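This is entry33.cif (mmCIF, C-alpha atoms).
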data_start
loop_
_atom_site.label_atom_id
_atom_site.label_comp_id
_atom_site.auth_asym_id
_atom_site.auth_seq_id
_atom_site.Cartn_x
_atom_site.Cartn_y
_atom_site.Cartn_z
CA MET N 1 0.00 0.00 0.00
CA LYS N 2 1.54 3.27 -1.14
CA VAL N 3 0.48 5.44 1.78
CA LEU N 4 1.64 2.93 4.36
CA SER N 5 4.95 2.51 2.56
CA ALA N 6 5.48 6.24 2.87
CA PHE N 7 5.45 5.73 6.62
CA ALA N 8 7.75 2.72 6.51
CA LEU N 9 10.88 4.80 7.08
CA PRO N 10 11.53 8.15 8.77
CA SER N 11 10.73 10.84 6.20
CA HIS N 12 14.30 12.14 5.93
CA ARG N 13 15.23 8.80 4.37
CA LEU N 14 12.77 9.11 1.49
CA ALA N 15 14.20 9.89 -1.92
CA ALA N 16 14.03 13.48 -3.15
CA PRO N 17 11.36 12.80 -5.82
CA GLN N 18 9.13 11.24 -3.17
CA ARG N 19 9.57 14.25 -0.92
CA ALA N 20 8.60 16.59 -3.70
CA ALA N 21 5.57 14.49 -4.49
CA ALA N 22 4.44 14.64 -0.93
CA GLY N 23 4.24 18.40 -1.18
CA ALA N 24 2.84 18.46 -4.69
CA HIS N 25 -0.03 16.06 -4.06
CA ALA N 26 -1.27 17.63 -0.84
CA PRO N 27 -3.09 20.78 -1.93
CA ARG N 28 -5.59 22.42 0.35
CA SER N 29 -8.85 20.50 -0.03
CA ARG N 30 -11.93 22.65 -0.51
CA GLU N 31 -14.12 19.79 0.66
CA LEU N 32 -12.08 19.41 3.83
CA ASP N 33 -12.40 23.13 4.40
CA ALA N 34 -16.16 22.80 3.95
CA VAL N 35 -16.23 20.15 6.69
CA ARG N 36 -14.31 22.58 8.88
CA GLY N 37 -16.84 25.27 8.01
CA ILE N 38 -19.73 23.04 9.10
CA ALA N 39 -17.96 22.20 12.35
CA ALA N 40 -17.15 25.84 13.06
CA MET N 41 -20.72 27.01 12.57
CA MET N 42 -22.04 24.18 14.73
CA VAL N 43 -19.85 25.33 17.62
CA VAL N 44 -20.56 29.04 17.07
CA MET N 45 -24.32 28.52 17.00
CA PHE N 46 -24.18 26.30 20.10
CA HIS N 47 -22.39 29.01 22.06
CA TYR N 48 -24.55 31.88 20.78
CA THR N 49 -27.86 30.11 21.44
CA VAL N 50 -27.68 27.28 23.98
CA ARG N 51 -24.63 28.28 26.01
CA TYR N 52 -25.24 32.03 26.08
CA GLY N 53 -28.86 31.55 27.10
CA ALA N 54 -27.88 29.16 29.90
CA LEU N 55 -25.15 31.44 31.24
CA TRP N 56 -27.16 34.64 31.39
CA GLY N 57 -30.75 33.49 31.57
CA ASP N 58 -31.80 34.57 28.10
CA PRO N 59 -33.89 31.75 26.63
CA SER N 60 -35.37 33.75 23.75
CA ALA N 61 -32.98 32.60 21.01
CA PRO N 62 -34.75 32.13 17.66
CA PHE N 63 -33.44 28.54 17.63
CA HIS N 64 -31.30 26.31 19.81
CA ALA N 65 -28.34 24.48 18.29
CA THR N 66 -28.50 21.85 21.02
CA PHE N 67 -26.00 19.45 19.50
CA GLY N 68 -23.69 22.08 18.05
CA TYR N 69 -21.04 21.22 20.62
CA LEU N 70 -20.35 18.09 18.60
CA GLY N 71 -18.67 20.27 16.01
CA VAL N 72 -15.54 19.96 18.16
CA GLN N 73 -15.55 16.20 17.54
CA VAL N 74 -15.75 16.90 13.82
CA PHE N 75 -12.66 19.10 14.17
CA PHE N 76 -10.90 16.18 15.86
CA GLY N 77 -11.75 14.00 12.87
CA VAL N 78 -10.31 16.57 10.47
CA SER N 79 -7.23 16.77 12.68
CA GLY N 80 -6.73 13.00 12.43
CA PHE N 81 -6.79 13.30 8.65
CA VAL N 82 -4.41 16.24 8.31
CA ILE N 83 -1.94 15.12 10.97
CA LEU N 84 -1.20 11.96 9.01
CA MET N 85 -0.90 14.12 5.89
CA THR N 86 1.53 16.43 7.69
CA LEU N 87 3.59 13.51 9.00
CA GLU N 88 3.83 12.01 5.54
CA ARG N 89 5.19 15.31 4.25
CA SER N 90 7.64 15.70 7.14
CA ARG N 91 11.25 14.61 6.69
CA THR N 92 12.08 14.79 10.39
CA ALA N 93 10.33 15.22 13.73
CA SER N 94 11.33 18.88 13.76
CA ASP N 95 9.54 19.38 10.43
CA PHE N 96 6.33 18.22 12.05
CA VAL N 97 6.84 20.43 15.10
CA ILE N 98 7.45 23.52 12.97
CA ALA N 99 4.50 22.73 10.70
CA ARG N 100 2.19 22.47 13.71
CA ALA N 101 3.66 25.43 15.57
CA SER N 102 3.46 27.71 12.52
CA ARG N 103 -0.16 26.70 12.11
CA LEU N 104 -1.25 27.01 15.74
CA PHE N 105 0.69 29.66 17.59
CA PRO N 106 0.66 32.96 15.61
CA ALA N 107 -3.14 33.07 15.37
CA TYR N 108 -3.48 31.78 18.91
CA TRP N 109 -1.23 34.47 20.39
CA VAL N 110 -3.19 37.23 18.71
CA ALA N 111 -6.51 35.66 19.76
CA VAL N 112 -5.38 35.40 23.39
CA LEU N 113 -4.22 39.01 23.47
CA ALA N 114 -7.37 40.28 21.74
CA THR N 115 -9.69 38.32 24.00
CA PHE N 116 -7.77 39.34 27.13
CA ALA N 117 -7.87 43.03 26.16
CA LEU N 118 -11.57 42.94 25.31
CA LEU N 119 -12.49 41.24 28.58
CA LEU N 120 -10.53 43.86 30.51
CA ALA N 121 -12.48 46.59 28.72
CA PHE N 122 -15.86 44.82 28.83
CA PRO N 123 -15.77 42.31 31.70
CA LEU N 124 -18.10 39.33 31.72
CA PRO N 125 -19.58 38.38 35.10
CA ASP N 126 -18.01 34.92 35.33
CA ARG N 127 -14.73 35.70 33.53
CA VAL N 128 -12.26 36.96 36.15
CA LEU N 129 -8.83 37.53 34.59
CA SER N 130 -5.31 38.01 35.91
CA TRP N 131 -2.09 38.98 34.18
CA ARG N 132 -0.52 35.68 35.24
CA GLN N 133 -3.39 33.83 33.63
CA GLY N 134 -2.91 35.80 30.43
CA LEU N 135 0.82 35.11 30.27
CA VAL N 136 0.45 31.40 30.97
CA ASN N 137 -2.30 31.11 28.36
CA LEU N 138 0.16 32.35 25.74
CA THR N 139 2.04 29.06 26.12
CA MET N 140 -1.07 27.00 25.23
CA LEU N 141 -0.07 24.74 28.14
CA GLN N 142 -2.29 26.33 30.79
CA ALA N 143 -4.43 23.24 31.31
CA PHE N 144 -1.35 21.17 32.17
CA VAL N 145 -0.39 23.56 35.00
CA ASN N 146 -3.96 24.09 36.26
CA VAL N 147 -4.31 27.68 35.09
CA PRO N 148 -7.81 28.59 33.80
CA HIS N 149 -8.36 29.23 30.11
CA ILE N 150 -9.00 32.82 29.08
CA ASP N 151 -11.61 31.44 26.72
CA GLY N 152 -13.39 28.17 27.40
CA VAL N 153 -12.96 26.90 23.84
CA TYR N 154 -9.23 26.50 24.44
CA TRP N 155 -9.93 23.20 26.22
CA SER N 156 -9.86 21.39 22.86
CA LEU N 157 -6.31 22.62 22.21
CA GLU N 158 -5.16 20.52 25.16
CA VAL N 159 -6.71 17.47 23.50
CA GLU N 160 -5.06 18.32 20.18
CA LEU N 161 -1.64 18.78 21.78
CA VAL N 162 -1.84 15.37 23.45
CA PHE N 163 -2.81 13.78 20.12
CA TYR N 164 0.08 15.55 18.36
CA ALA N 165 2.50 14.35 21.04
CA TRP N 166 1.45 10.73 20.59
CA MET N 167 1.66 10.94 16.80
CA LEU N 168 5.06 12.62 16.96
CA ALA N 169 6.34 9.90 19.29
CA LEU N 170 5.12 7.16 16.94
CA PHE N 171 6.68 8.94 13.97
CA ALA N 172 10.02 9.40 15.73
CA ALA N 173 10.01 5.73 16.72
CA GLY N 174 9.36 4.67 13.11
CA TRP N 175 6.06 3.00 14.02
CA MET N 176 3.80 4.82 11.58
CA ARG N 177 4.01 1.83 9.26
CA HIS N 178 1.76 0.14 11.84
CA ALA N 179 -0.77 2.97 11.85
CA ARG N 180 -3.86 0.80 11.32
CA ALA N 181 -2.90 -1.71 13.98
CA LEU N 182 -2.09 1.04 16.45
CA MET N 183 -5.42 2.76 15.83
CA ALA N 184 -7.24 -0.53 16.33
CA LEU N 185 -5.38 -1.04 19.60
CA TRP N 186 -6.20 2.51 20.73
CA LEU N 187 -9.89 2.05 19.93
CA ALA N 188 -10.02 -1.35 21.64
CA LEU N 189 -8.39 0.10 24.76
CA SER N 190 -10.79 3.03 24.72
CA ILE N 191 -13.79 0.72 24.38
CA ALA N 192 -12.57 -1.46 27.25
CA MET N 193 -12.05 1.53 29.54
CA LEU N 194 -15.35 3.18 28.63
CA LEU N 195 -17.24 -0.07 29.03
CA ALA N 196 -15.62 -0.76 32.41
CA ALA N 197 -16.52 2.73 33.58
CA LEU N 198 -20.11 2.22 32.44
CA LEU N 199 -20.47 -1.16 34.14
CA LEU N 200 -18.83 0.03 37.37
CA HIS N 201 -20.79 3.31 37.37
CA ARG N 202 -17.57 5.28 37.57
CA ALA N 203 -15.86 7.86 35.46
CA VAL N 204 -12.85 6.93 33.38
CA PRO N 205 -9.72 7.71 35.46
CA THR N 206 -8.62 11.29 34.87
CA LEU N 207 -5.12 10.43 33.67
CA ALA N 208 -6.44 7.90 31.19
CA SER N 209 -9.08 10.30 29.95
CA ARG N 210 -6.61 13.15 29.62
CA TYR N 211 -3.62 11.39 28.12
CA LEU N 212 -5.17 8.41 26.29
CA LEU N 213 -8.03 10.54 24.93
CA VAL N 214 -10.48 7.68 25.30
CA ASP N 215 -13.47 10.02 24.84
CA TYR N 216 -12.16 11.26 21.50
CA SER N 217 -10.21 8.34 20.04
CA ALA N 218 -13.13 7.48 17.75
CA PHE N 219 -13.07 10.82 15.97
CA PHE N 220 -9.31 11.12 15.54
CA SER N 221 -9.22 7.53 14.27
CA ILE N 222 -11.96 8.05 11.69
CA GLY N 223 -10.02 10.91 10.10
CA ALA N 224 -6.67 9.17 10.32
CA ALA N 225 -8.00 5.91 8.84
CA ALA N 226 -9.59 7.84 5.98
CA TYR N 227 -6.28 9.48 5.12
CA LEU N 228 -4.58 6.09 4.87
CA ASP N 229 -6.93 5.29 1.99
CA PHE N 230 -7.07 8.73 0.45
CA ARG N 231 -4.38 8.14 -2.19
CA GLN N 232 -5.96 4.85 -3.30
CA ARG N 233 -9.40 6.43 -3.68
CA ARG N 234 -11.05 3.49 -1.97
CA VAL N 235 -11.89 2.52 1.58
CA ALA N 236 -10.02 -0.67 2.45
CA PRO N 237 -11.85 -3.51 4.25
CA SER N 238 -9.63 -3.00 7.32
CA THR N 239 -10.69 0.65 7.38
CA TRP N 240 -14.35 -0.35 7.61
CA GLY N 241 -13.36 -2.45 10.62
CA LEU N 242 -11.71 0.58 12.21
CA PHE N 243 -14.81 2.65 11.47
CA ALA N 244 -16.95 0.04 13.24
CA LEU N 245 -14.71 0.12 16.32
CA ALA N 246 -14.83 3.91 16.23
CA GLY N 247 -18.62 3.79 16.19
CA VAL N 248 -18.68 1.66 19.32
CA ALA N 249 -16.19 3.95 21.09
CA ALA N 250 -18.15 7.06 20.06
CA TRP N 251 -21.41 5.54 21.35
CA LEU N 252 -19.88 4.57 24.70
CA ALA N 253 -18.29 8.00 25.10
CA GLY N 254 -21.10 10.22 23.84
CA GLY N 255 -24.25 8.15 23.61
CA LEU N 256 -26.51 8.34 20.58
CA PRO N 257 -25.37 11.88 19.58
CA GLY N 258 -21.75 10.71 19.56
CA LEU N 259 -22.64 7.70 17.43
CA VAL N 260 -24.62 9.82 14.96
CA VAL N 261 -21.74 12.28 14.56
CA ALA N 262 -19.26 9.41 14.11
CA ALA N 263 -21.50 7.87 11.43
CA ALA N 264 -21.83 11.23 9.66
CA MET N 265 -18.05 11.64 9.75
CA VAL N 266 -17.53 8.16 8.30
CA LEU N 267 -19.86 9.08 5.44
CA LEU N 268 -18.16 12.43 4.82
CA PHE N 269 -14.66 10.99 4.88
CA ALA N 270 -15.65 8.02 2.72
CA LEU N 271 -17.04 10.47 0.15
CA LEU N 272 -13.81 12.42 0.38
CA VAL N 273 -11.76 9.26 -0.23
CA TRP N 274 -13.97 8.32 -3.19
CA ARG N 275 -13.80 11.91 -4.54
CA ARG N 276 -17.59 12.11 -4.26
CA ALA N 277 -17.80 15.03 -1.82
CA GLY N 278 -18.39 17.67 -4.48
CA LEU N 279 -21.69 18.71 -2.88
CA LEU N 280 -19.63 20.17 -0.03
CA ASN N 281 -17.79 22.46 -2.41
CA LEU N 282 -19.92 25.47 -1.55
CA SER N 283 -18.05 28.77 -1.43
CA PRO N 284 -19.58 30.05 1.85
CA LEU N 285 -18.74 26.81 3.67
CA VAL N 286 -15.27 26.67 2.14
CA PHE N 287 -14.58 30.26 3.18
CA ILE N 288 -15.74 29.68 6.75
CA GLY N 289 -13.58 26.56 6.84
CA THR N 290 -10.59 28.57 5.61
CA VAL N 291 -10.89 30.95 8.58
CA SER N 292 -12.24 28.33 10.99
CA TYR N 293 -9.27 28.14 13.35
CA PRO N 294 -9.17 31.89 14.13
CA LEU N 295 -12.98 31.91 14.20
CA TYR N 296 -12.97 29.13 16.76
CA LEU N 297 -10.42 30.96 18.89
CA LEU N 298 -12.19 34.32 18.76
CA HIS N 299 -15.90 33.68 18.66
CA GLN N 300 -16.94 32.71 22.19
CA ASN N 301 -16.04 35.44 24.69
CA ILE N 302 -15.91 38.17 22.06
CA GLY N 303 -19.30 37.03 20.84
CA TYR N 304 -20.66 37.00 24.39
CA VAL N 305 -19.55 40.60 24.91
CA ILE N 306 -21.31 41.63 21.70
CA LEU N 307 -24.48 39.68 22.55
CA ARG N 308 -24.69 41.03 26.10
CA ASN N 309 -24.27 44.64 25.04
CA LEU N 310 -26.70 44.39 22.14
CA ARG N 311 -29.31 42.55 24.22
CA ALA N 312 -28.94 45.16 26.99
CA GLN N 313 -29.89 47.78 24.39
CA GLY N 314 -32.97 45.83 23.38
CA VAL N 315 -31.65 44.46 20.08
CA ASP N 316 -33.55 41.39 18.88
CA TYR N 317 -31.72 38.14 19.75
CA GLY N 318 -31.63 36.98 16.15
CA TRP N 319 -30.10 40.26 14.95
CA ALA N 320 -27.64 40.18 17.85
CA ILE N 321 -26.49 36.71 16.77
CA ALA N 322 -26.13 37.89 13.17
CA LEU N 323 -24.05 40.91 14.20
CA ALA N 324 -21.85 38.78 16.49
CA CYS N 325 -21.24 36.39 13.59
CA VAL N 326 -20.35 39.23 11.22
CA VAL N 327 -17.90 40.78 13.67
CA THR N 328 -16.17 37.52 14.63
CA LEU N 329 -16.03 36.34 11.00
CA ALA N 330 -14.46 39.65 9.99
CA ALA N 331 -11.92 39.38 12.82
CA ALA N 332 -11.16 35.76 11.91
CA THR N 333 -10.66 36.73 8.25
CA ALA N 334 -8.24 39.49 9.20
CA LEU N 335 -6.36 37.15 11.51
CA THR N 336 -6.19 34.37 8.90
CA PHE N 337 -4.86 36.47 6.02
CA GLY N 338 -3.05 39.13 8.02
CA ILE N 339 -1.24 36.96 10.58
CA GLU N 340 -1.76 33.20 10.25
CA ARG N 341 -0.95 32.68 6.56
CA PRO N 342 2.02 35.09 6.38
CA ALA N 343 3.48 33.63 9.59
CA GLN N 344 3.15 30.09 8.22
CA ARG N 345 4.90 31.01 5.00
CA ARG N 346 7.73 32.84 6.73
CA LEU N 347 8.38 30.22 9.39
CA ARG N 348 8.40 27.37 6.89
CA ALA N 349 10.51 29.29 4.39
CA TRP N 350 12.97 30.05 7.20
CA ARG N 351 13.13 26.36 8.05
CA GLU N 352 13.73 25.30 4.46
CA THR N 353 16.36 27.99 3.95
CA ARG N 354 18.27 26.75 6.98
CA ARG N 355 18.16 23.21 5.65
CA LEU N 356 19.34 24.24 2.22
CA ARG N 357 22.30 26.02 3.79
CA ALA N 358 23.04 22.92 5.82
CA GLY N 359 22.90 20.77 2.66
CA GLN N 360 20.10 18.60 4.02
CA ILE N 361 17.68 18.70 1.08
CA ASP N 362 19.77 17.42 -1.82
CA GLY N 363 18.94 20.49 -3.86
CA ALA N 364 15.17 20.22 -3.47
CA ARG N 365 13.23 23.47 -3.72
CA PRO N 366 11.93 24.93 -0.44
CA GLN N 367 8.27 24.05 0.01
CA THR N 368 6.43 27.01 1.48
CA THR N 369 2.88 26.14 0.53
CA THR N 370 0.30 26.04 3.28
CA ASP N 371 -0.76 22.50 4.08
CA ALA N 372 -4.36 21.40 4.46
CA SER N 373 -4.23 21.61 8.22
#

Please re-express this file's structure in structure tokens.
Amino acid sequence: MKVLSAFALPSHRLAAPQRAAAGAHAPRSRELDAVRGIAAMMVVMFHYTVRYGALWGDPSAPFHATFGYLGVQVFFGVSGFVILMTLERSRTASDFVIARASRLFPAYWVAVLATFALLLAFPLPDRVLSWRQGLVNLTMLQAFVNVPHIDGVYWSLEVELVFYAWMLALFAAGWMRHARALMALWLALSIAMLLAALLLHRAVPTLASRYLLVDYSAFFSIGAAAYLDFRQRRVAPSTWGLFALAGVAAWLAGGLPGLVVAAAMVLLFALLVWRRAGLLNLSPLVFIGTVSYPLYLLHQNIGYVILRNLRAQGVDYGWAIALACVVTLAAATALTFGIERPAQRRLRAWRETRRLRAGQIDGARPQTTTDAS
């Protein structure tokens, strides 16, 4: 299998033509961006309707996106897909680290500073800030040192970082050739732990939940398994087995809503593998997906400030939601194209330039294109 053979050796040992191909055949997928766009709007609408109303006793939303929180699980599925893509394109472990850091940190730093400044100017009743909290949040490691998030949505970044750490460790150890088997083992372990917790009427132990990601293994695995088949344009029989295990894990972790989202993700990713996801290629969804990471980082507390002030002035809830969406989308667009994309290009160009000077690329051109992550 071609994709698995690409993982058979550390990337720096691949031949130069293979390295070039890895960059050339991994353009940004509009369909994948559309999936991101769906996930982003699910989360935004959940916070602006269900969560906002619950926090401040305003039940008059024109609709309630009750299950919108599951958009985060969809993001985890997309992450599983693109992390394997990024690893395949990485020559060394440091390539992967720089690719992820250039993607995550510039936009995150600006979002933290913007949110912190806005909450100082327009405090929210249950959002008490300190300068120490703000500084620690800039590291993205606040959850690991028990410092509160400046914005509640940052909790998912902890989950992503743990997933990245595991994948980086497997890549560095040369075990990515066993990706399917390792995913099956992860899902089986997750199912066993979730089932034991259910039968014993106890929660999954905190360390296992936090560092083995048993509640989210289903979603990461669905995306990762789909990428393993992406080049072949078919879903292998073993992948269907992984999807079935993921469905069981999703059901045990999240009940029927978790199972439904896992099934929807299997369908979406299967269509993506088969190149049958053209219906997703809608410009509004693709655009929202393009700016989805900054939108995710910015929308919650900034949106709450906008909603509270507009509602206090008697603005209709529906119009308040629309205005909050416009403002946060505009901010996310500015952050994407003004900070995130330029920072990615410069950091990756800097990395490739250093390698060329060190004679590590065998004359290959620097690859500065933005990956699909």

May I have the residues at most 12 Å from (-21.3, 28.1, 1.5) in the file's coordinates, counting all atoms listed in the file, as a PyMOL selection string?
chain N and resi 30-31+33-38+41+279-290

Grab the atom CA of Tyr154 of chain N to atom CA of Leu242 of chain N distance for me, in Å with one decimal place.
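Separation of atom CA of Tyr154 of chain N and atom CA of Leu242 of chain N: 28.8 Å.
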
I need the output of the PyMOL selection byres ((chain N and resi 208-213) around 10) for this file as a PDB file with C-alpha atoms, keeping the file's coordinate frame; which residues are they?
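Resulting contents of part.pdb:
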ATOM      1  CA  PHE N 144      -1.350  21.170  32.170  1.00  0.00           C
ATOM      2  CA  GLU N 158      -5.160  20.520  25.160  1.00  0.00           C
ATOM      3  CA  VAL N 159      -6.710  17.470  23.500  1.00  0.00           C
ATOM      4  CA  GLU N 160      -5.060  18.320  20.180  1.00  0.00           C
ATOM      5  CA  LEU N 161      -1.640  18.780  21.780  1.00  0.00           C
ATOM      6  CA  VAL N 162      -1.840  15.370  23.450  1.00  0.00           C
ATOM      7  CA  PHE N 163      -2.810  13.780  20.120  1.00  0.00           C
ATOM      8  CA  ALA N 165       2.500  14.350  21.040  1.00  0.00           C
ATOM      9  CA  TRP N 166       1.450  10.730  20.590  1.00  0.00           C
ATOM     10  CA  TRP N 186      -6.200   2.510  20.730  1.00  0.00           C
ATOM     11  CA  LEU N 189      -8.390   0.100  24.760  1.00  0.00           C
ATOM     12  CA  SER N 190     -10.790   3.030  24.720  1.00  0.00           C
ATOM     13  CA  MET N 193     -12.050   1.530  29.540  1.00  0.00           C
ATOM     14  CA  LEU N 194     -15.350   3.180  28.630  1.00  0.00           C
ATOM     15  CA  ALA N 203     -15.860   7.860  35.460  1.00  0.00           C
ATOM     16  CA  VAL N 204     -12.850   6.930  33.380  1.00  0.00           C
ATOM     17  CA  PRO N 205      -9.720   7.710  35.460  1.00  0.00           C
ATOM     18  CA  THR N 206      -8.620  11.290  34.870  1.00  0.00           C
ATOM     19  CA  LEU N 207      -5.120  10.430  33.670  1.00  0.00           C
ATOM     20  CA  VAL N 214     -10.480   7.680  25.300  1.00  0.00           C
ATOM     21  CA  ASP N 215     -13.470  10.020  24.840  1.00  0.00           C
ATOM     22  CA  TYR N 216     -12.160  11.260  21.500  1.00  0.00           C
ATOM     23  CA  SER N 217     -10.210   8.340  20.040  1.00  0.00           C
ATOM     24  CA  ALA N 218     -13.130   7.480  17.750  1.00  0.00           C
ATOM     25  CA  PHE N 220      -9.310  11.120  15.540  1.00  0.00           C
TER      26      PHE N 220
END

I'd like to see the residues matched by the PyMOL selection byres ((chain N and resi 105) around 12) on this file, and ideally I'd get them as number ranges by chain.
N: 97-104, 106-112, 137-141, 157, 161, 293-294, 297, 335, 339-341, 343-344, 347

What does the structure give for the distance between atom CA of Gln133 of chain N and atom CA of Ser94 of chain N, in Å to one decimal?
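Separation of atom CA of Gln133 of chain N and atom CA of Ser94 of chain N: 28.9 Å.
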
Determine the residue set returned by the PyMOL selection byres ((chain N and resi 180-185) around 10) for the present structure, and present it as a PyMOL selection string.
chain N and resi 4+170+175-179+186-191+217-218+220-222+224-225+228+238-239+241-243+245-246

Atom-to-atom span, atom CA of Tyr48 of chain N and atom CA of Leu256 of chain N, Å:
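Taking atom CA of Tyr48 of chain N and atom CA of Leu256 of chain N, their separation equals 23.6 Å.
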
Find the residue from N:Ala121, N:Ile83, N:Ala358, N:Leu198 that sits nearest to Leu252 of chain N; use all atoms listed in the file when measuring.
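Among the listed residues, N:Leu198 lies closest to Leu252 of chain N.
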
List the spatial neighbours of Asn301 of chain N as a list of chain:residue names - criterion: any atom at most 8 Å away, only C-alpha atoms, same-chain residues fewer than 3 positions off excluded.
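My reading of the contact set: N:Thr115, N:Leu119, N:Asp151, N:Leu298, N:Tyr304, N:Val305.
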
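Shortest atom-to-atom contact with Asp95 of chain N among N:Leu271, N:Ala172, N:Ala264, N:Ala249: N:Ala172, counting all atoms listed in the file.
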
Mind rebuilding segment 261-281 of chain N with N, CA and C atoms and writing that out as an mmCIF file, keeping the file's coordinate frame?
data_model
loop_
_atom_site.group_PDB
_atom_site.id
_atom_site.type_symbol
_atom_site.label_atom_id
_atom_site.label_comp_id
_atom_site.auth_asym_id
_atom_site.auth_seq_id
_atom_site.Cartn_x
_atom_site.Cartn_y
_atom_site.Cartn_z
ATOM 1 N N VAL N 261 -22.802 11.450 15.117
ATOM 2 C CA VAL N 261 -21.740 12.280 14.560
ATOM 3 C C VAL N 261 -20.634 11.407 13.968
ATOM 4 N N ALA N 262 -20.281 10.315 14.645
ATOM 5 C CA ALA N 262 -19.260 9.410 14.110
ATOM 6 C C ALA N 262 -19.717 8.826 12.777
ATOM 7 N N ALA N 263 -20.983 8.420 12.680
ATOM 8 C CA ALA N 263 -21.500 7.870 11.430
ATOM 9 C C ALA N 263 -21.481 8.915 10.320
ATOM 10 N N ALA N 264 -21.855 10.158 10.659
ATOM 11 C CA ALA N 264 -21.830 11.230 9.660
ATOM 12 C C ALA N 264 -20.397 11.492 9.190
ATOM 13 N N MET N 265 -19.442 11.429 10.115
ATOM 14 C CA MET N 265 -18.050 11.640 9.750
ATOM 15 C C MET N 265 -17.538 10.513 8.859
ATOM 16 N N VAL N 266 -17.927 9.277 9.155
ATOM 17 C CA VAL N 266 -17.530 8.160 8.300
ATOM 18 C C VAL N 266 -18.042 8.396 6.878
ATOM 19 N N LEU N 267 -19.302 8.816 6.764
ATOM 20 C CA LEU N 267 -19.860 9.080 5.440
ATOM 21 C C LEU N 267 -19.102 10.197 4.731
ATOM 22 N N LEU N 268 -18.854 11.291 5.429
ATOM 23 C CA LEU N 268 -18.160 12.430 4.820
ATOM 24 C C LEU N 268 -16.751 12.049 4.365
ATOM 25 N N PHE N 269 -16.028 11.343 5.232
ATOM 26 C CA PHE N 269 -14.660 10.990 4.880
ATOM 27 C C PHE N 269 -14.621 9.919 3.789
ATOM 28 N N ALA N 270 -15.595 9.007 3.800
ATOM 29 C CA ALA N 270 -15.650 8.020 2.720
ATOM 30 C C ALA N 270 -15.904 8.720 1.380
ATOM 31 N N LEU N 271 -16.802 9.697 1.370
ATOM 32 C CA LEU N 271 -17.040 10.470 0.150
ATOM 33 C C LEU N 271 -15.790 11.221 -0.275
ATOM 34 N N LEU N 272 -15.045 11.710 0.686
ATOM 35 C CA LEU N 272 -13.810 12.420 0.380
ATOM 36 C C LEU N 272 -12.788 11.465 -0.245
ATOM 37 N N VAL N 273 -12.672 10.271 0.315
ATOM 38 C CA VAL N 273 -11.760 9.260 -0.230
ATOM 39 C C VAL N 273 -12.159 8.890 -1.647
ATOM 40 N N TRP N 274 -13.470 8.713 -1.867
ATOM 41 C CA TRP N 274 -13.970 8.320 -3.190
ATOM 42 C C TRP N 274 -14.048 9.481 -4.173
ATOM 43 N N ARG N 275 -13.689 10.692 -3.725
ATOM 44 C CA ARG N 275 -13.800 11.910 -4.540
ATOM 45 C C ARG N 275 -15.263 12.129 -4.957
ATOM 46 N N ARG N 276 -16.165 11.909 -4.012
ATOM 47 C CA ARG N 276 -17.590 12.110 -4.260
ATOM 48 C C ARG N 276 -18.175 13.177 -3.332
ATOM 49 N N ALA N 277 -17.336 14.038 -2.799
ATOM 50 C CA ALA N 277 -17.800 15.030 -1.820
ATOM 51 C C ALA N 277 -17.996 16.393 -2.466
ATOM 52 N N GLY N 278 -18.255 16.404 -3.773
ATOM 53 C CA GLY N 278 -18.390 17.670 -4.480
ATOM 54 C C GLY N 278 -19.525 18.541 -3.975
ATOM 55 N N LEU N 279 -20.568 17.926 -3.397
ATOM 56 C CA LEU N 279 -21.690 18.710 -2.880
ATOM 57 C C LEU N 279 -21.249 19.645 -1.748
ATOM 58 N N LEU N 280 -20.137 19.309 -1.103
ATOM 59 C CA LEU N 280 -19.630 20.170 -0.030
ATOM 60 C C LEU N 280 -18.904 21.397 -0.553
ATOM 61 N N ASN N 281 -18.614 21.389 -1.831
ATOM 62 C CA ASN N 281 -17.790 22.460 -2.410
ATOM 63 C C ASN N 281 -18.623 23.723 -2.630
#
